[in-house]
file target-v5.pdb (PDB, C-alpha atoms)
MODEL        1
ATOM      1  CA  MET A 184      92.101 106.862 143.223  1.00  0.00           C
ATOM      2  CA  THR A 185      90.011 105.701 140.309  1.00  0.00           C
ATOM      3  CA  VAL A 186      91.637 103.879 137.426  1.00  0.00           C
ATOM      4  CA  GLN A 187      90.000 104.766 134.168  1.00  0.00           C
ATOM      5  CA  VAL A 188      89.387 102.233 131.461  1.00  0.00           C
ATOM      6  CA  ALA A 189      91.216 103.070 128.256  1.00  0.00           C
ATOM      7  CA  PRO A 190      88.949 104.244 125.447  1.00  0.00           C
ATOM      8  CA  PRO A 191      88.187 101.653 122.766  1.00  0.00           C
ATOM      9  CA  GLY A 192      90.802 101.623 120.029  1.00  0.00           C
ATOM     10  CA  SER A 193      93.439 103.392 122.075  1.00  0.00           C
ATOM     11  CA  ARG A 194      96.917 101.927 122.399  1.00  0.00           C
ATOM     12  CA  GLY A 195      99.494 102.265 125.133  1.00  0.00           C
ATOM     13  CA  ILE A 196     102.896 103.763 124.445  1.00  0.00           C
ATOM     14  CA  GLY A 197     104.485 100.316 124.678  1.00  0.00           C
ATOM     15  CA  GLU A 198     102.310  99.099 121.818  1.00  0.00           C
ATOM     16  CA  ILE A 199     102.962 102.208 119.750  1.00  0.00           C
ATOM     17  CA  LEU A 200     106.723 101.891 120.270  1.00  0.00           C
ATOM     18  CA  ALA A 201     106.715  98.186 119.370  1.00  0.00           C
ATOM     19  CA  GLU A 202     104.732  98.896 116.200  1.00  0.00           C
ATOM     20  CA  ALA A 203     107.139 101.661 115.191  1.00  0.00           C
ATOM     21  CA  ARG A 204     110.181  99.453 115.751  1.00  0.00           C
ATOM     22  CA  MET A 205     108.731  96.611 113.684  1.00  0.00           C
ATOM     23  CA  ARG A 206     109.059  98.925 110.657  1.00  0.00           C
ATOM     24  CA  LEU A 207     112.613 100.060 111.366  1.00  0.00           C
ATOM     25  CA  HIS A 208     115.970  98.508 110.629  1.00  0.00           C
ATOM     26  CA  ARG A 209     117.539 100.086 113.701  1.00  0.00           C
ATOM     27  CA  LEU A 210     121.264 100.758 113.529  1.00  0.00           C
ATOM     28  CA  SER A 211     123.949 100.064 116.081  1.00  0.00           C
ATOM     29  CA  PRO A 212     126.248 102.972 116.900  1.00  0.00           C
ATOM     30  CA  ARG A 213     129.026 101.540 114.731  1.00  0.00           C
ATOM     31  CA  ASP A 214     126.659 100.999 111.779  1.00  0.00           C
ATOM     32  CA  ALA A 215     125.302 104.542 112.149  1.00  0.00           C
ATOM     33  CA  PHE A 216     128.866 105.892 112.248  1.00  0.00           C
ATOM     34  CA  ALA A 217     129.689 103.997 109.045  1.00  0.00           C
ATOM     35  CA  LEU A 218     126.516 105.243 107.339  1.00  0.00           C
ATOM     36  CA  GLN A 219     127.343 108.807 108.344  1.00  0.00           C
ATOM     37  CA  GLY A 220     130.737 108.380 106.692  1.00  0.00           C
ATOM     38  CA  ASN A 221     128.993 107.207 103.513  1.00  0.00           C
ATOM     39  CA  GLY A 222     126.546 110.102 103.148  1.00  0.00           C
ATOM     40  CA  GLY A 223     123.888 109.148 105.668  1.00  0.00           C
ATOM     41  CA  VAL A 224     122.353 111.972 107.676  1.00  0.00           C
ATOM     42  CA  LEU A 225     122.355 111.681 111.460  1.00  0.00           C
ATOM     43  CA  VAL A 226     119.670 113.926 112.936  1.00  0.00           C
ATOM     44  CA  ASP A 227     119.789 114.776 116.625  1.00  0.00           C
ATOM     45  CA  ILE A 228     116.276 115.542 117.895  1.00  0.00           C
ATOM     46  CA  ARG A 229     117.212 116.188 121.522  1.00  0.00           C
ATOM     47  CA  PRO A 230     116.432 119.609 122.977  1.00  0.00           C
ATOM     48  CA  GLN A 231     119.293 122.063 123.434  1.00  0.00           C
ATOM     49  CA  TRP A 232     119.491 121.598 127.207  1.00  0.00           C
ATOM     50  CA  GLN A 233     119.931 117.834 126.784  1.00  0.00           C
ATOM     51  CA  ARG A 234     122.627 118.182 124.120  1.00  0.00           C
ATOM     52  CA  GLN A 235     124.462 120.646 126.375  1.00  0.00           C
ATOM     53  CA  ALA A 236     124.288 118.229 129.314  1.00  0.00           C
ATOM     54  CA  GLU A 237     125.206 115.060 127.396  1.00  0.00           C
ATOM     55  CA  GLY A 238     127.242 116.204 124.402  1.00  0.00           C
ATOM     56  CA  GLY A 239     126.742 115.765 120.697  1.00  0.00           C
ATOM     57  CA  ILE A 240     127.867 113.735 117.707  1.00  0.00           C
ATOM     58  CA  PRO A 241     130.144 115.640 115.309  1.00  0.00           C
ATOM     59  CA  GLY A 242     128.575 116.222 111.895  1.00  0.00           C
ATOM     60  CA  THR A 243     125.054 115.623 113.133  1.00  0.00           C
ATOM     61  CA  LEU A 244     122.242 117.797 111.878  1.00  0.00           C
ATOM     62  CA  VAL A 245     120.236 119.221 114.793  1.00  0.00           C
ATOM     63  CA  VAL A 246     116.471 119.386 114.280  1.00  0.00           C
ATOM     64  CA  GLU A 247     114.515 119.310 117.503  1.00  0.00           C
ATOM     65  CA  ARG A 248     111.644 116.852 117.599  1.00  0.00           C
ATOM     66  CA  ASN A 249     108.819 119.378 117.260  1.00  0.00           C
ATOM     67  CA  HIS A 250     110.158 120.520 113.842  1.00  0.00           C
ATOM     68  CA  LEU A 251     111.224 117.178 112.379  1.00  0.00           C
ATOM     69  CA  GLU A 252     108.364 116.330 110.014  1.00  0.00           C
ATOM     70  CA  TRP A 253     108.186 119.853 108.582  1.00  0.00           C
ATOM     71  CA  ARG A 254     111.936 119.948 107.943  1.00  0.00           C
ATOM     72  CA  PHE A 255     112.139 116.511 106.281  1.00  0.00           C
ATOM     73  CA  ASP A 256     108.929 116.240 104.258  1.00  0.00           C
ATOM     74  CA  PRO A 257     110.021 116.763 100.633  1.00  0.00           C
ATOM     75  CA  ARG A 258     106.571 118.302  99.995  1.00  0.00           C
ATOM     76  CA  SER A 259     106.867 120.875 102.785  1.00  0.00           C
ATOM     77  CA  ASP A 260     107.609 124.535 102.139  1.00  0.00           C
ATOM     78  CA  ALA A 261     109.552 124.462 105.427  1.00  0.00           C
ATOM     79  CA  ARG A 262     111.794 121.541 104.447  1.00  0.00           C
ATOM     80  CA  LEU A 263     115.556 121.665 104.678  1.00  0.00           C
ATOM     81  CA  ALA A 264     117.452 121.786 101.382  1.00  0.00           C
ATOM     82  CA  ILE A 265     118.888 118.325 102.105  1.00  0.00           C
ATOM     83  CA  ALA A 266     115.378 116.832 102.394  1.00  0.00           C
ATOM     84  CA  ASP A 267     114.624 116.870  98.693  1.00  0.00           C
ATOM     85  CA  ARG A 268     114.126 113.149  98.119  1.00  0.00           C
ATOM     86  CA  TYR A 269     112.383 110.164  99.637  1.00  0.00           C
ATOM     87  CA  ASP A 270     115.389 107.825  99.601  1.00  0.00           C
ATOM     88  CA  LEU A 271     117.446 110.026 101.927  1.00  0.00           C
ATOM     89  CA  PRO A 272     119.195 107.795 104.503  1.00  0.00           C
ATOM     90  CA  VAL A 273     118.204 109.462 107.783  1.00  0.00           C
ATOM     91  CA  VAL A 274     119.199 108.121 111.206  1.00  0.00           C
ATOM     92  CA  VAL A 275     117.327 109.798 114.053  1.00  0.00           C
ATOM     93  CA  VAL A 276     119.196 110.178 117.349  1.00  0.00           C
ATOM     94  CA  CYS A 277     117.745 110.868 120.790  1.00  0.00           C
ATOM     95  CA  SER A 278     119.173 110.260 124.225  1.00  0.00           C
ATOM     96  CA  GLU A 279     118.369 106.566 124.729  1.00  0.00           C
ATOM     97  CA  GLY A 280     116.643 105.402 121.544  1.00  0.00           C
ATOM     98  CA  TYR A 281     112.951 105.611 122.431  1.00  0.00           C
ATOM     99  CA  THR A 282     111.743 108.934 121.053  1.00  0.00           C
ATOM    100  CA  SER A 283     113.944 108.410 118.006  1.00  0.00           C
ATOM    101  CA  SER A 284     112.047 105.232 117.094  1.00  0.00           C
ATOM    102  CA  LEU A 285     108.744 107.102 117.112  1.00  0.00           C
ATOM    103  CA  ALA A 286     110.280 109.978 115.135  1.00  0.00           C
ATOM    104  CA  ALA A 287     111.832 107.659 112.520  1.00  0.00           C
ATOM    105  CA  ALA A 288     108.466 105.931 112.053  1.00  0.00           C
ATOM    106  CA  ALA A 289     106.878 109.360 111.523  1.00  0.00           C
ATOM    107  CA  LEU A 290     109.448 110.088 108.808  1.00  0.00           C
ATOM    108  CA  GLN A 291     108.611 106.767 107.173  1.00  0.00           C
ATOM    109  CA  ASP A 292     104.948 107.802 107.246  1.00  0.00           C
ATOM    110  CA  LEU A 293     106.008 110.837 105.169  1.00  0.00           C
ATOM    111  CA  GLY A 294     107.582 108.492 102.614  1.00  0.00           C
ATOM    112  CA  LEU A 295     111.217 108.580 103.729  1.00  0.00           C
ATOM    113  CA  TRP A 296     111.490 104.823 103.464  1.00  0.00           C
ATOM    114  CA  ARG A 297     115.149 104.651 104.569  1.00  0.00           C
ATOM    115  CA  ALA A 298     114.540 106.536 107.828  1.00  0.00           C
ATOM    116  CA  THR A 299     115.553 104.676 110.956  1.00  0.00           C
ATOM    117  CA  ASP A 300     117.053 105.370 114.358  1.00  0.00           C
ATOM    118  CA  LEU A 301     120.119 104.770 116.467  1.00  0.00           C
ATOM    119  CA  ALA A 302     119.491 101.844 118.828  1.00  0.00           C
ATOM    120  CA  GLY A 303     120.366 102.985 122.342  1.00  0.00           C
ATOM    121  CA  GLY A 304     120.606 106.620 121.268  1.00  0.00           C
ATOM    122  CA  PHE A 305     123.409 109.007 122.125  1.00  0.00           C
ATOM    123  CA  HIS A 306     124.217 107.062 125.301  1.00  0.00           C
ATOM    124  CA  ALA A 307     125.003 103.931 123.260  1.00  0.00           C
ATOM    125  CA  TRP A 308     127.086 105.985 120.802  1.00  0.00           C
ATOM    126  CA  LYS A 309     129.148 107.437 123.638  1.00  0.00           C
ATOM    127  CA  ALA A 310     129.523 104.036 125.340  1.00  0.00           C
ATOM    128  CA  GLU A 311     131.023 102.668 122.086  1.00  0.00           C
ATOM    129  CA  GLY A 312     133.755 105.294 122.281  1.00  0.00           C
ATOM    130  CA  LEU A 313     132.673 106.975 119.058  1.00  0.00           C
ATOM    131  CA  PRO A 314     133.395 110.704 118.497  1.00  0.00           C
ATOM    132  CA  VAL A 315     131.590 113.080 120.851  1.00  0.00           C
ATOM    133  CA  GLU A 316     131.766 116.846 121.110  1.00  0.00           C
ATOM    134  CA  SER A 317     130.758 119.443 123.677  1.00  0.00           C
ATOM    135  CA  VAL A 318     127.634 121.446 122.908  1.00  0.00           C
ATOM    136  CA  THR A 319     127.392 125.065 123.993  1.00  0.00           C
TER
ENDMDL
END

call {"tool": "encode", "arguments": {"input": "target-v5.pdb", "output": "structure tokens"}}
result
Amino acid sequence: MTVQVAPPGSRGIGEILAEARMRLHRLSPRDAFALQGNGGVLVDIRPQWQRQAEGGIPGTLVVERNHLEWRFDPRSDARLAIADRYDLPVVVVCSEGYTSSLAAAALQDLGLWRATDLAGGFHAWKAEGLPVESVT
């Protein structure tokens, strides 16, 4: 087995994740719950099969990862009606809090400067005993 040398300028996923998280003010489950109660938008990016297996957070907007930027860019013709401003408080939720960090950083790249993610993801939310619902 030959190990290839990484191309110049490339970065490993660990570096990319660390860079994304340096820009985020990640929220604990309790802080995300409080923000949701005060008008913040929790966005679950997990695929349907994962939400069905694990459950969901009541009141969460579901936008799977591959549609996220198009649905939240205020300049996009495909944006959701709620995504009409750059100061929208968006908290991205995935299963364990890895993919959500990358997705929240992508939203910040679009100009949504308040975008962040849920530290620990849905698993942390559930472990805190916060509201969970079945997904069908």

call {"tool": "closest_residue", "arguments": {"input": "target-v5.pdb", "among": "A:Asp260, A:Leu285, A:Trp296, A:Ser317", "to": "Ile199 in chain A", "atoms": "all atoms listed in the file"}}
result
A:Leu285

call {"tool": "residues_around", "arguments": {"input": "target-v5.pdb", "residues": "Asn249 in chain A", "least_positions_apart": "4", "cutoff": "12 Å", "atoms": "all atoms listed in the file", "output": "MDAnalysis selection string"}}
result
chainID A and resid 227:230 245 253:255 282 286 289

call {"tool": "closest_residue", "arguments": {"input": "target-v5.pdb", "among": "A:Asp256, A:Glu202, A:Asp214, A:Asp267", "to": "Ser284 in chain A", "atoms": "all atoms listed in the file"}}
result
A:Glu202

call {"tool": "residues_around", "arguments": {"input": "target-v5.pdb", "residues": "Val275 in chain A", "least_positions_apart": "5", "cutoff": "12 Å", "atoms": "all atoms listed in the file", "output": "number ranges by chain"}}
result
A: 207-212, 215, 219, 223-229, 240, 243-248, 251-252, 255, 280-291, 297-305

call {"tool": "closest_residue", "arguments": {"input": "target-v5.pdb", "among": "A:Leu293, A:Phe216, A:Trp232, A:Ile196", "to": "Trp308 in chain A", "atoms": "only C-alpha atoms"}}
result
A:Phe216

call {"tool": "atom_distance", "arguments": {"input": "target-v5.pdb", "atom1": "CA of Glu279 in chain A", "atom2": "CA of His306 in chain A"}}
result
5.9 Å

call {"tool": "atom_distance", "arguments": {"input": "target-v5.pdb", "atom1": "CA of Asp270 in chain A", "atom2": "CA of Arg206 in chain A"}}
result
15.5 Å

call {"tool": "resolve_selection", "arguments": {"input": "target-v5.pdb", "expression": "the PyMOL selection byres ((chain A and resi 235) around 12)", "output": "mmCIF file with C-alpha atoms, in the frame of the given file"}}
result
data_model
loop_
_atom_site.group_PDB
_atom_site.id
_atom_site.type_symbol
_atom_site.label_atom_id
_atom_site.label_comp_id
_atom_site.auth_asym_id
_atom_site.auth_seq_id
_atom_site.Cartn_x
_atom_site.Cartn_y
_atom_site.Cartn_z
ATOM 1 C CA ARG A 229 117.212 116.188 121.522
ATOM 2 C CA PRO A 230 116.432 119.609 122.977
ATOM 3 C CA GLN A 231 119.293 122.063 123.434
ATOM 4 C CA TRP A 232 119.491 121.598 127.207
ATOM 5 C CA GLN A 233 119.931 117.834 126.784
ATOM 6 C CA ARG A 234 122.627 118.182 124.120
ATOM 7 C CA ALA A 236 124.288 118.229 129.314
ATOM 8 C CA GLU A 237 125.206 115.060 127.396
ATOM 9 C CA GLY A 238 127.242 116.204 124.402
ATOM 10 C CA GLY A 239 126.742 115.765 120.697
ATOM 11 C CA ILE A 240 127.867 113.735 117.707
ATOM 12 C CA SER A 278 119.173 110.260 124.225
ATOM 13 C CA VAL A 315 131.590 113.080 120.851
ATOM 14 C CA GLU A 316 131.766 116.846 121.110
ATOM 15 C CA SER A 317 130.758 119.443 123.677
ATOM 16 C CA VAL A 318 127.634 121.446 122.908
ATOM 17 C CA THR A 319 127.392 125.065 123.993
#

call {"tool": "atom_distance", "arguments": {"input": "target-v5.pdb", "atom1": "CA of Tyr269 in chain A", "atom2": "CA of Gly294 in chain A"}}
result
5.9 Å

call {"tool": "axis_aligned_box", "arguments": {"input": "target-v5.pdb", "around": "range 287-305 of chain A", "padding_each_side": "4 Å", "output": "lines of an AutoDock Vina configuration file"}}
result
center_x = 114.2
center_y = 106.3
center_z = 112.5
size_x = 26.5
size_y = 17.0
size_z = 27.7

call {"tool": "closest_residue", "arguments": {"input": "target-v5.pdb", "among": "A:Cys277, A:Met205, A:Gly222, A:Arg262", "to": "Gly242 in chain A", "atoms": "all atoms listed in the file"}}
result
A:Gly222

call {"tool": "closest_residue", "arguments": {"input": "target-v5.pdb", "among": "A:Ala307, A:Ile265, A:Leu218, A:Ala203", "to": "Asp292 in chain A", "atoms": "all atoms listed in the file"}}
result
A:Ala203
